[in-house]
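Containing compact mmCIF, C-alpha atoms and all ligand atoms: input_21.txt.
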```
# COMPACT_ATOMS: atom_id res chain seq x y z
CA MET A 27 27.43 10.18 -39.80
CA PRO A 28 26.86 13.97 -39.64
CA VAL A 29 24.71 15.49 -42.41
CA LYS A 30 26.01 17.15 -45.56
CA THR A 31 25.36 20.88 -45.30
CA ILE A 32 25.85 21.66 -48.98
CA GLU A 33 26.10 19.54 -52.12
CA PHE A 34 26.55 20.21 -55.82
CA ALA A 35 25.19 18.01 -58.63
CA ASP A 36 23.74 18.57 -62.11
CA ASN A 37 24.62 22.27 -62.03
CA ILE A 38 22.52 22.83 -58.91
CA VAL A 39 23.47 23.42 -55.27
CA ARG A 40 21.45 21.73 -52.55
CA ILE A 41 21.42 23.06 -49.00
CA ILE A 42 19.40 22.39 -45.87
CA ASP A 43 17.23 25.44 -45.08
CA GLN A 44 18.57 26.02 -41.56
CA THR A 45 15.95 28.66 -40.74
CA LEU A 46 13.36 25.85 -40.52
CA LEU A 47 15.26 23.64 -38.06
CA PRO A 48 14.47 21.74 -35.94
CA ALA A 49 10.80 21.56 -36.92
CA GLU A 50 11.55 20.82 -40.57
CA PHE A 51 14.56 19.18 -42.16
CA HIS A 52 14.10 20.49 -45.66
CA TYR A 53 16.53 20.67 -48.60
CA ILE A 54 16.27 23.56 -51.04
CA THR A 55 17.92 23.85 -54.42
CA ILE A 56 19.80 26.92 -55.58
CA SER A 57 20.53 27.47 -59.25
CA ASN A 58 21.77 31.05 -59.51
CA VAL A 59 24.08 33.42 -57.68
CA ASP A 60 21.29 35.82 -56.61
CA ASP A 61 19.50 33.03 -54.75
CA MET A 62 22.78 31.96 -53.17
CA ALA A 63 23.44 35.49 -51.92
CA ASP A 64 19.88 35.61 -50.56
CA ALA A 65 20.30 32.25 -48.80
CA ILE A 66 23.52 33.42 -47.12
CA ARG A 67 21.99 36.77 -46.10
CA LYS A 68 18.90 35.08 -44.64
CA LEU A 69 20.95 32.41 -42.81
CA LYS A 70 19.42 29.53 -44.74
CA ILE A 71 23.05 28.47 -44.81
CA ARG A 72 25.22 29.84 -42.03
CA GLY A 73 28.35 29.27 -39.98
CA ALA A 74 31.70 30.64 -41.13
CA PRO A 75 33.15 27.67 -43.08
CA ALA A 76 29.74 26.80 -44.57
CA ILE A 77 29.19 30.28 -45.98
CA GLY A 78 32.70 30.16 -47.43
CA ILE A 79 31.79 26.97 -49.30
CA ALA A 80 28.43 28.48 -50.31
CA GLY A 81 30.21 31.58 -51.62
CA ALA A 82 32.53 29.40 -53.73
CA TYR A 83 29.56 27.55 -55.24
CA GLY A 84 27.79 30.88 -55.77
CA ILE A 85 30.68 31.80 -58.07
CA VAL A 86 30.31 28.47 -59.87
CA LEU A 87 26.59 29.15 -60.43
CA ALA A 88 27.43 32.58 -61.87
CA ALA A 89 29.92 30.96 -64.26
CA LEU A 90 27.42 28.31 -65.31
CA SER A 91 24.83 30.99 -66.15
CA PHE A 92 27.24 32.55 -68.68
CA LYS A 93 26.18 31.68 -72.22
CA GLY A 94 28.86 33.51 -74.21
CA ASN A 95 32.34 32.48 -75.40
CA ASP A 96 34.51 35.46 -74.53
CA PRO A 97 36.56 34.71 -71.38
CA SER A 98 36.83 38.41 -70.51
CA ASP A 99 33.00 38.68 -70.42
CA LEU A 100 32.89 35.67 -68.13
CA LYS A 101 35.52 37.21 -65.86
CA HIS A 102 33.43 40.37 -65.63
CA ILE A 103 30.40 38.34 -64.52
CA ILE A 104 32.48 36.48 -61.94
CA VAL A 105 33.84 39.70 -60.45
CA GLN A 106 30.28 41.05 -60.15
CA ALA A 107 29.13 37.80 -58.51
CA ALA A 108 32.06 37.99 -56.07
CA ASP A 109 31.07 41.54 -55.08
CA LEU A 110 27.45 40.48 -54.54
CA LEU A 111 28.39 37.45 -52.43
CA LYS A 112 30.88 39.45 -50.38
CA SER A 113 28.18 42.00 -49.58
CA THR A 114 25.96 39.43 -47.82
CA ARG A 115 27.63 39.07 -44.42
CA PRO A 116 30.66 41.07 -43.24
CA THR A 117 32.08 39.23 -40.23
CA ALA A 118 33.03 35.65 -41.14
CA VAL A 119 36.31 35.92 -43.00
CA ASN A 120 35.88 32.44 -44.51
CA LEU A 121 33.42 33.93 -47.02
CA PHE A 122 36.00 36.43 -48.29
CA TRP A 123 38.81 33.89 -48.13
CA ALA A 124 36.89 31.35 -50.24
CA ILE A 125 35.74 33.92 -52.82
CA ASP A 126 39.27 35.32 -53.14
CA ARG A 127 40.51 31.78 -53.72
CA MET A 128 37.97 31.48 -56.53
CA LEU A 129 39.03 34.83 -58.01
CA LYS A 130 42.65 33.65 -58.14
CA ILE A 131 41.53 31.06 -60.70
CA LEU A 132 40.69 33.93 -63.07
CA SER A 133 44.26 35.16 -63.07
CA SER A 134 45.93 31.75 -63.11
CA GLY A 135 45.03 30.66 -66.67
CA GLN A 136 45.25 33.92 -68.62
CA ASN A 137 44.57 32.42 -72.05
CA ASN A 138 41.99 29.85 -71.06
CA SER A 139 38.59 29.50 -72.76
CA ALA A 140 35.39 30.34 -70.87
CA GLN A 141 34.66 26.60 -70.54
CA LYS A 142 38.10 25.90 -69.06
CA ILE A 143 37.69 28.72 -66.56
CA THR A 144 34.26 27.39 -65.50
CA ASP A 145 35.68 23.87 -65.10
CA ALA A 146 38.55 25.24 -62.99
CA LEU A 147 36.14 27.22 -60.80
CA LEU A 148 34.05 24.12 -60.14
CA LYS A 149 37.17 22.13 -59.28
CA GLU A 150 38.30 24.83 -56.84
CA ALA A 151 34.88 24.93 -55.10
CA GLU A 152 35.01 21.14 -54.74
CA THR A 153 38.50 21.40 -53.30
CA ILE A 154 37.39 24.03 -50.77
CA LEU A 155 34.54 21.74 -49.65
CA GLU A 156 36.72 18.61 -49.45
CA GLU A 157 39.47 20.45 -47.59
CA ASP A 158 36.95 21.64 -45.03
CA ARG A 159 35.78 18.06 -44.42
CA GLU A 160 39.32 16.86 -43.89
CA ARG A 161 40.52 19.88 -41.87
CA CYS A 162 37.57 19.75 -39.46
CA ARG A 163 38.34 16.11 -38.73
CA ARG A 164 42.01 16.89 -38.03
CA LEU A 165 40.99 19.84 -35.87
CA GLY A 166 38.51 17.64 -34.02
CA ARG A 167 41.12 15.01 -33.22
CA ASN A 168 43.55 17.67 -31.96
CA GLY A 169 40.88 19.12 -29.68
CA ALA A 170 39.60 15.77 -28.43
CA GLU A 171 42.93 15.18 -26.71
CA LEU A 172 42.28 18.17 -24.45
CA LEU A 173 39.12 16.68 -22.96
CA PRO A 174 39.11 14.30 -19.97
CA SER A 175 37.65 10.86 -20.74
CA VAL A 176 34.40 11.89 -19.05
CA SER A 177 33.66 15.55 -19.73
CA THR A 178 30.97 18.15 -19.70
CA VAL A 179 31.37 21.08 -22.06
CA ILE A 180 29.45 24.26 -22.78
CA THR A 181 29.13 25.52 -26.33
CA HIS A 182 27.50 28.58 -27.88
CA CYS A 183 25.71 29.01 -31.20
CA ASN A 184 26.31 26.25 -33.74
CA ALA A 185 29.82 25.33 -34.79
CA GLY A 186 28.85 21.85 -35.89
CA ALA A 187 28.31 19.85 -39.05
CA LEU A 188 25.73 22.37 -40.25
CA ALA A 189 28.18 25.27 -39.90
CA THR A 190 30.80 23.51 -42.04
CA ALA A 191 30.84 20.95 -44.87
CA ASP A 192 29.73 18.11 -42.61
CA TYR A 193 31.61 17.74 -39.31
CA GLY A 194 32.09 20.97 -37.41
CA THR A 195 34.75 22.77 -35.43
CA ALA A 196 33.64 23.10 -31.78
CA LEU A 197 31.27 20.16 -32.23
CA GLY A 198 33.94 18.46 -34.33
CA VAL A 199 35.98 18.29 -31.12
CA VAL A 200 32.99 16.70 -29.36
CA TYR A 201 32.43 14.22 -32.22
CA ALA A 202 36.10 13.25 -32.32
CA ALA A 203 36.19 12.78 -28.53
CA VAL A 204 33.13 10.51 -28.71
CA GLU A 205 34.71 8.59 -31.62
CA ALA A 206 37.80 8.15 -29.40
CA GLY A 207 35.61 6.49 -26.75
CA LYS A 208 35.17 9.47 -24.42
CA LYS A 209 31.89 10.20 -22.67
CA ILE A 210 30.89 13.76 -23.45
CA MET A 211 27.87 15.69 -22.29
CA VAL A 212 27.11 19.13 -23.76
CA PHE A 213 25.33 22.18 -22.39
CA SER A 214 24.19 24.16 -25.41
CA ASP A 215 23.45 27.87 -24.93
CA GLU A 216 20.23 28.55 -26.80
CA THR A 217 21.92 31.59 -28.44
CA ARG A 218 19.58 34.55 -28.66
CA PRO A 219 18.13 35.92 -30.84
CA LEU A 220 18.10 33.28 -33.60
CA LEU A 221 18.56 30.25 -31.33
CA GLN A 222 21.25 28.43 -33.33
CA GLY A 223 22.24 26.66 -30.09
CA SER A 224 18.87 25.16 -29.32
CA ARG A 225 17.56 24.81 -32.87
CA ILE A 226 20.69 23.51 -34.58
CA THR A 227 23.41 22.41 -32.11
CA ALA A 228 20.95 20.51 -29.93
CA ALA A 229 19.34 18.93 -33.03
CA GLU A 230 22.74 17.76 -34.29
CA LEU A 231 23.72 16.28 -30.93
CA VAL A 232 20.37 14.54 -30.44
CA LYS A 233 20.76 13.02 -33.91
CA GLU A 234 24.24 11.78 -32.99
CA GLY A 235 23.04 10.36 -29.67
CA ILE A 236 25.25 12.69 -27.63
CA PRO A 237 23.62 13.92 -24.39
CA VAL A 238 22.73 17.61 -24.70
CA THR A 239 21.04 20.03 -22.32
CA VAL A 240 19.79 23.34 -23.69
CA ILE A 241 20.13 26.36 -21.40
CA CYS A 242 19.22 30.02 -21.76
CA ASP A 243 22.33 32.07 -22.49
CA SER A 244 21.84 33.79 -19.16
CA ALA A 245 22.00 30.43 -17.31
CA ALA A 246 25.64 29.77 -18.24
CA GLY A 247 27.12 31.43 -15.11
CA PHE A 248 24.79 29.49 -12.83
CA VAL A 249 25.66 26.24 -14.62
CA MET A 250 29.39 26.94 -14.29
CA ALA A 251 29.01 27.70 -10.60
CA ASN A 252 26.94 24.59 -9.84
CA ASN A 253 28.08 21.89 -12.28
CA LYS A 254 31.47 20.44 -13.02
CA ILE A 255 32.22 22.00 -16.41
CA ASP A 256 35.46 20.80 -17.98
CA ALA A 257 35.64 23.19 -20.91
CA VAL A 258 33.90 25.83 -22.96
CA ILE A 259 34.41 25.21 -26.68
CA VAL A 260 33.20 27.67 -29.30
CA GLY A 261 33.79 28.28 -32.98
CA ALA A 262 34.85 31.57 -34.56
CA ASP A 263 33.98 33.82 -37.47
CA ARG A 264 37.20 35.78 -37.65
CA ILE A 265 40.36 35.71 -35.54
CA ALA A 266 42.77 38.66 -35.70
CA ALA A 267 46.55 38.25 -35.70
CA ASN A 268 46.72 38.87 -31.93
CA GLY A 269 44.09 36.19 -31.16
CA ASP A 270 41.10 38.47 -30.57
CA THR A 271 38.13 36.40 -31.72
CA ALA A 272 34.80 37.35 -33.28
CA ASN A 273 32.07 34.79 -32.73
CA LYS A 274 28.30 34.78 -32.17
CA ILE A 275 27.02 37.48 -29.84
CA GLY A 276 27.27 36.24 -26.26
CA THR A 277 30.61 34.50 -26.69
CA TYR A 278 32.52 37.29 -24.95
CA GLY A 279 30.30 37.06 -21.86
CA LEU A 280 30.77 33.30 -21.80
CA ALA A 281 34.55 33.73 -21.94
CA VAL A 282 34.54 36.15 -19.02
CA LEU A 283 32.41 33.71 -17.01
CA ALA A 284 34.77 30.86 -17.87
CA GLU A 285 37.74 32.90 -16.64
CA LYS A 286 35.92 33.68 -13.37
CA HIS A 287 35.19 29.96 -12.84
CA LYS A 288 38.67 28.83 -13.96
CA ILE A 289 37.26 26.78 -16.82
CA PRO A 290 39.37 26.46 -19.99
CA PHE A 291 37.91 28.47 -22.86
CA TYR A 292 38.82 26.96 -26.23
CA VAL A 293 38.24 28.44 -29.68
CA ALA A 294 38.08 25.75 -32.36
CA ALA A 295 38.67 27.12 -35.86
CA PRO A 296 40.43 26.16 -39.09
CA LEU A 297 43.24 28.23 -40.57
CA SER A 298 40.73 29.79 -43.00
CA THR A 299 39.09 31.64 -40.06
CA PHE A 300 42.28 33.51 -39.12
CA ASP A 301 42.67 36.96 -40.62
CA PHE A 302 46.32 37.86 -40.19
CA SER A 303 45.79 41.13 -42.05
CA LEU A 304 44.00 42.50 -38.97
CA LYS A 305 46.15 43.43 -36.00
CA SER A 306 43.40 43.15 -33.39
CA GLY A 307 39.72 42.53 -32.82
CA SER A 308 38.83 46.21 -33.04
CA ASP A 309 39.45 45.96 -36.80
CA ILE A 310 36.89 43.15 -37.28
CA PRO A 311 33.66 44.33 -38.98
CA ILE A 312 30.68 43.34 -36.85
CA GLU A 313 27.42 42.55 -38.62
CA GLU A 314 24.35 44.31 -37.27
CA ARG A 315 21.08 42.57 -38.14
CA SER A 316 17.44 43.58 -38.23
CA LYS A 317 15.71 44.60 -35.01
CA ASN A 318 12.90 42.22 -35.99
CA GLU A 319 15.12 39.27 -35.07
CA ILE A 320 14.85 40.49 -31.47
CA CYS A 321 11.37 42.03 -31.46
CA PHE A 322 9.52 39.43 -33.56
CA GLY A 323 11.98 36.52 -33.25
CA PHE A 324 9.68 33.61 -33.94
CA GLY A 325 6.40 35.29 -34.73
CA THR A 326 5.41 36.95 -31.45
CA GLN A 327 6.09 40.59 -30.67
CA THR A 328 8.42 40.64 -27.66
CA CYS A 329 9.30 44.32 -27.32
CA PRO A 330 7.13 47.39 -27.64
CA ASP A 331 6.91 49.60 -30.71
CA GLY A 332 8.97 52.68 -30.01
CA ALA A 333 11.82 50.93 -28.16
CA ASP A 334 15.24 51.24 -29.74
CA VAL A 335 16.81 47.89 -30.47
CA TYR A 336 20.47 47.05 -31.03
CA ASN A 337 21.24 43.69 -32.65
CA PRO A 338 24.95 43.04 -33.20
CA ALA A 339 25.25 39.46 -34.51
CA PHE A 340 28.79 38.94 -33.20
CA ASP A 341 31.09 40.12 -30.43
CA VAL A 342 34.84 40.07 -29.96
CA THR A 343 36.46 38.04 -27.20
CA PRO A 344 39.84 39.51 -26.28
CA ALA A 345 42.67 37.01 -26.75
CA GLU A 346 43.53 37.11 -23.04
CA PHE A 347 40.38 35.04 -22.33
CA VAL A 348 41.25 32.30 -24.83
CA THR A 349 43.01 29.35 -23.20
CA ALA A 350 43.97 27.89 -26.59
CA PHE A 351 43.07 27.82 -30.28
CA ILE A 352 42.30 24.35 -31.57
CA THR A 353 43.18 24.11 -35.28
CA GLU A 354 43.92 21.45 -37.87
CA TYR A 355 47.62 22.28 -37.35
CA GLY A 356 47.54 21.65 -33.61
CA VAL A 357 46.72 23.53 -30.43
CA PHE A 358 48.10 27.06 -30.13
CA ARG A 359 48.55 28.67 -26.71
CA GLN A 360 49.86 32.00 -25.38
CA PRO A 361 51.90 33.99 -26.23
CA TYR A 362 49.69 34.33 -29.33
CA LYS A 363 51.92 37.00 -30.85
CA GLU A 364 54.49 34.25 -31.37
CA THR A 365 52.41 31.09 -31.73
CA LEU A 366 49.86 32.54 -34.17
CA GLU A 367 52.75 33.92 -36.20
CA GLU A 368 53.78 30.26 -36.74
CA LEU A 369 50.25 29.57 -37.99
CA ARG A 370 50.41 32.59 -40.31
CA ILE A 371 53.58 31.23 -41.90
CA ILE A 372 51.91 27.83 -42.40
CA GLY A 373 49.05 29.63 -44.18
CA ASP A 374 51.40 31.68 -46.36
CA ASN A 375 53.13 28.51 -47.49
CA TYR A 376 49.90 26.67 -48.16
CA TRP A 377 47.70 29.18 -50.00
O1 LIG B 1 25.17 33.91 -37.57
P1 LIG B 1 25.73 32.53 -37.71
O2 LIG B 1 24.77 31.46 -37.34
O3 LIG B 1 26.35 32.32 -39.07
O4 LIG B 1 26.92 32.49 -36.65
C1 LIG B 1 27.72 31.32 -36.60
C2 LIG B 1 28.74 31.37 -35.52
O5 LIG B 1 28.90 32.34 -34.82
C3 LIG B 1 29.63 30.17 -35.40
O6 LIG B 1 30.03 29.99 -34.08
C4 LIG B 1 30.89 30.40 -36.25
O7 LIG B 1 30.53 30.77 -37.56
C5 LIG B 1 31.75 29.20 -36.31
S1 LIG B 1 31.07 27.93 -37.31
C6 LIG B 1 32.18 26.65 -37.36
```
Any chance you could give the structure as structure tokens?
Amino acid sequence: MPVKTIEFADNIVRIIDQTLLPAEFHYITISNVDDMADAIRKLKIRGAPAIGIAGAYGIVLAALSFKGNDPSDLKHIIVQAADLLKSTRPTAVNLFWAIDRMLKILSSGQNNSAQKITDALLKEAETILEEDRERCRRLGRNGAELLPSVSTVITHCNAGALATADYGTALGVVYAAVEAGKKIMVFSDETRPLLQGSRITAAELVKEGIPVTVICDSAAGFVMANNKIDAVIVGADRIAANGDTANKIGTYGLAVLAEKHKIPFYVAAPLSTFDFSLKSGSDIPIEERSKNEICFGFGTQTCPDGADVYNPAFDVTPAEFVTAFITEYGVFRQPYKETLEELRIIGDNYW
């Protein structure tokens, strides 16, 4: 059974500190919104759906810290908390989607007491978490059907249990295929500079007893040329209306390699990762992170003082490289202008 990434009990949130993996599997407790914002910014919790859930619970913590009675004072605190949480990471739309869902609670019960609003916020955060669990499993089953009964896949970064409530998107497909009796072997790109592929994806797969081989990101082309790779499956942080997809830096290169080697390139993502307000990938904000992640990654200086360093955390894969989107509502193929429009309508009717 995959691990729980985030839990709430006794007015406290518990998360696994993912910066310590795989050496240490250590839970930390978070009791206020400032610490939640810090945890998201520092990638103690990470992965698009997981930071959405964390953002929702960050709002709950802000509400719980309110000691007054006036609902309008509480609303003011919640709006400030929402701004803080939204400022942590710009690319994954799930964070904004989840916080906006929480903010809708403020306008739904206009005359409610502060206590009722807090109760409703907690209920909404729990719903967001439970929906993610259920949606990832549906998504996983839809994707599992695309894989031959014996398959080797390449994945990038971590789109597993630890990037969601507890099951994963890209790895959810792998888990569902294994549950369906298929034999799956995974090549996991190590994913420079923060190594989510080797530190987190490989750790998850080892724990689940699924064969995994870690490769340097730069080995992917060689592996595609020399091994029988059945599919590349990655997650996503934000998908524009035309199918252009932001995901961890290096995904675009992997997609181009997959095209060259005629390997299907699948993006596994729930509806909450689609941003239909953006026409194309050029509108997606790309997070740039500290140069120290590259120059002092895990304690050792690896580039000289004086060198310029550029550290975009995500890139955008043009839709033309995506063979299909695997979602909880099924598998969507080209032409994305039409098929993703169907998905948009599903979203409009649901939320
Ligand atoms: O910087 P991270 O570790 O939050 O980046 C995570 C990714 O890029 C994942 O592939 C993406 O969020 C999908 S998670 C289901």
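In this model, the gap between atom CA of Ala203 of chain A and atom CA of Ser298 of chain A comes to 22.8 Å.
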request  = Find the spatial neighbours of Tyr53 of chain A, counting all atoms listed in the file, within a cut-off of 12 Å - ignore same-chain residues fewer than 2 positions away - and output them as a PyMOL selection string.
outcome  = chain A and resi 29-33+39-47+50-51+55-56+70-71
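Closest approach to ligand LIG 1 (chain B) among A:Ala108, A:Ile77, A:Ala284, A:Ala206 is made by A:Ile77 (distances from only C-alpha atoms and all ligand atoms).
Comparing A:Asp145, A:Glu346, A:Asp374, A:Asp215 by their smallest distance to ligand LIG 1 (chain B), the closest is A:Asp215 (using all atoms listed in the file).
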inquiry  = Around ligand LIG 1 (chain B), which protein and nucleic acid residues have at least one atom no more than 7 Å from it, if we count only C-alpha atoms and all ligand atoms? List them as a list in words.
reply    = Leu69, Arg72, Gly73, Ala74, Pro75, Ala118, His182, Cys183, Asn184, Ala185, Gly186, Ala189, Thr190, Gly194, Thr195, Ala196, Gln222, Val260, Gly261, Ala262, Asp263, Asn273, Lys274, Ala295, Ala339 and Phe340 of chain A
note = From the list A:Leu147, A:Ile265, A:Val212, A:Leu369, the nearest residue to Gly235 of chain A using only C-alpha atoms is A:Val212
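The smallest atom-to-atom distance between Pro97 of chain A and any of A:Ser214, A:Thr353, A:Thr144, A:Ser316, using all atoms listed in the file, is found for A:Thr144.
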key: Shell of 7 Å around Val179 of chain A, all atoms listed in the file, local chain residues under 6 positions omitted, as a PyMOL selection string   = chain A and resi 211-213+255-259
request  = Find the residues around Ala272 of chain A up to 9 Å (all atoms listed in the file counted), leave out those fewer than 4 positions away in its own chain, and share them as a count of residues only.
outcome  = 17
Glu230 of chain A environment, 10 Å, all atoms listed in the file, sequence neighbours closer than 2 positions dropped, as a ChimeraX atom specification = /A:28-29,48,184,186-188,197,223-228,232-236,238
With C-alpha atoms retained, export the selected residues as a PDB file, keeping the file's coordinate frame.
```
ATOM      1  CA  PRO A  28      26.860  13.970 -39.640  1.00  0.00           C
ATOM      2  CA  VAL A  29      24.710  15.490 -42.410  1.00  0.00           C
ATOM      3  CA  PRO A  48      14.470  21.740 -35.940  1.00  0.00           C
ATOM      4  CA  ASN A 184      26.310  26.250 -33.740  1.00  0.00           C
ATOM      5  CA  GLY A 186      28.850  21.850 -35.890  1.00  0.00           C
ATOM      6  CA  ALA A 187      28.310  19.850 -39.050  1.00  0.00           C
ATOM      7  CA  LEU A 188      25.730  22.370 -40.250  1.00  0.00           C
ATOM      8  CA  LEU A 197      31.270  20.160 -32.230  1.00  0.00           C
ATOM      9  CA  GLY A 223      22.240  26.660 -30.090  1.00  0.00           C
ATOM     10  CA  SER A 224      18.870  25.160 -29.320  1.00  0.00           C
ATOM     11  CA  ARG A 225      17.560  24.810 -32.870  1.00  0.00           C
ATOM     12  CA  ILE A 226      20.690  23.510 -34.580  1.00  0.00           C
ATOM     13  CA  THR A 227      23.410  22.410 -32.110  1.00  0.00           C
ATOM     14  CA  ALA A 228      20.950  20.510 -29.930  1.00  0.00           C
ATOM     15  CA  VAL A 232      20.370  14.540 -30.440  1.00  0.00           C
ATOM     16  CA  LYS A 233      20.760  13.020 -33.910  1.00  0.00           C
ATOM     17  CA  GLU A 234      24.240  11.780 -32.990  1.00  0.00           C
ATOM     18  CA  GLY A 235      23.040  10.360 -29.670  1.00  0.00           C
ATOM     19  CA  ILE A 236      25.250  12.690 -27.630  1.00  0.00           C
ATOM     20  CA  VAL A 238      22.730  17.610 -24.700  1.00  0.00           C
TER      21      VAL A 238
END
```
Hey, what's within 10 Å of Asn95 of chain A if we count only C-alpha atoms and toss same-chain stuff fewer than 3 positions away? As an mmCIF file with C-alpha atoms, in the frame of the given file, please?
```cif
data_model
loop_
_atom_site.group_PDB
_atom_site.id
_atom_site.type_symbol
_atom_site.label_atom_id
_atom_site.label_comp_id
_atom_site.auth_asym_id
_atom_site.auth_seq_id
_atom_site.Cartn_x
_atom_site.Cartn_y
_atom_site.Cartn_z
ATOM 1 C CA PHE A 92 27.240 32.550 -68.680
ATOM 2 C CA SER A 98 36.830 38.410 -70.510
ATOM 3 C CA ASP A 99 33.000 38.680 -70.420
ATOM 4 C CA LEU A 100 32.890 35.670 -68.130
ATOM 5 C CA SER A 139 38.590 29.500 -72.760
ATOM 6 C CA ALA A 140 35.390 30.340 -70.870
ATOM 7 C CA GLN A 141 34.660 26.600 -70.540
#
```
query = Taking into account only C-alpha atoms, which residue in the set A:Leu129, A:Lys305, A:Arg163, A:Gly84 is nearest to His102 of chain A?
reply = A:Leu129
Using N, CA and C atoms, give me segment 309-321 of chain A from the structure I just pasted, as an mmCIF file, in the first residue's frame.
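Here's the written file out.cif:
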```
data_model
loop_
_atom_site.group_PDB
_atom_site.id
_atom_site.type_symbol
_atom_site.label_atom_id
_atom_site.label_comp_id
_atom_site.auth_asym_id
_atom_site.auth_seq_id
_atom_site.Cartn_x
_atom_site.Cartn_y
_atom_site.Cartn_z
ATOM 1 N N ASP A 309 2.193 30.645 -22.115
ATOM 2 C CA ASP A 309 1.573 31.431 -21.043
ATOM 3 C C ASP A 309 1.841 30.837 -19.652
ATOM 4 N N ILE A 310 2.464 29.666 -19.586
ATOM 5 C CA ILE A 310 2.647 29.005 -18.282
ATOM 6 C C ILE A 310 3.836 29.640 -17.556
ATOM 7 N N PRO A 311 3.631 30.107 -16.311
ATOM 8 C CA PRO A 311 4.765 30.671 -15.560
ATOM 9 C C PRO A 311 5.722 29.560 -15.144
ATOM 10 N N ILE A 312 7.000 29.767 -15.430
ATOM 11 C CA ILE A 312 8.002 28.740 -15.120
ATOM 12 C C ILE A 312 8.829 29.186 -13.915
ATOM 13 N N GLU A 313 8.820 28.364 -12.896
ATOM 14 C CA GLU A 313 9.575 28.655 -11.665
ATOM 15 C C GLU A 313 11.077 28.576 -11.935
ATOM 16 N N GLU A 314 11.796 29.582 -11.451
ATOM 17 C CA GLU A 314 13.251 29.532 -11.508
ATOM 18 C C GLU A 314 13.729 29.410 -10.066
ATOM 19 N N ARG A 315 14.595 28.447 -9.796
ATOM 20 C CA ARG A 315 15.014 28.212 -8.414
ATOM 21 C C ARG A 315 16.479 28.601 -8.207
ATOM 22 N N SER A 316 16.893 28.533 -6.976
ATOM 23 C CA SER A 316 18.231 29.011 -6.593
ATOM 24 C C SER A 316 19.346 28.303 -7.356
ATOM 25 N N LYS A 317 20.401 29.073 -7.679
ATOM 26 C CA LYS A 317 21.543 28.468 -8.367
ATOM 27 C C LYS A 317 22.262 27.464 -7.472
ATOM 28 N N ASN A 318 22.054 27.582 -6.152
ATOM 29 C CA ASN A 318 22.702 26.633 -5.230
ATOM 30 C C ASN A 318 22.224 25.198 -5.438
ATOM 31 N N GLU A 319 21.006 25.039 -5.957
ATOM 32 C CA GLU A 319 20.520 23.671 -6.210
ATOM 33 C C GLU A 319 21.397 22.975 -7.244
ATOM 34 N N ILE A 320 22.004 23.774 -8.137
ATOM 35 C CA ILE A 320 22.885 23.211 -9.155
ATOM 36 C C ILE A 320 24.337 23.203 -8.657
ATOM 37 N N CYS A 321 24.733 24.289 -8.032
ATOM 38 C CA CYS A 321 26.168 24.446 -7.692
ATOM 39 C C CYS A 321 26.569 23.758 -6.394
#
```
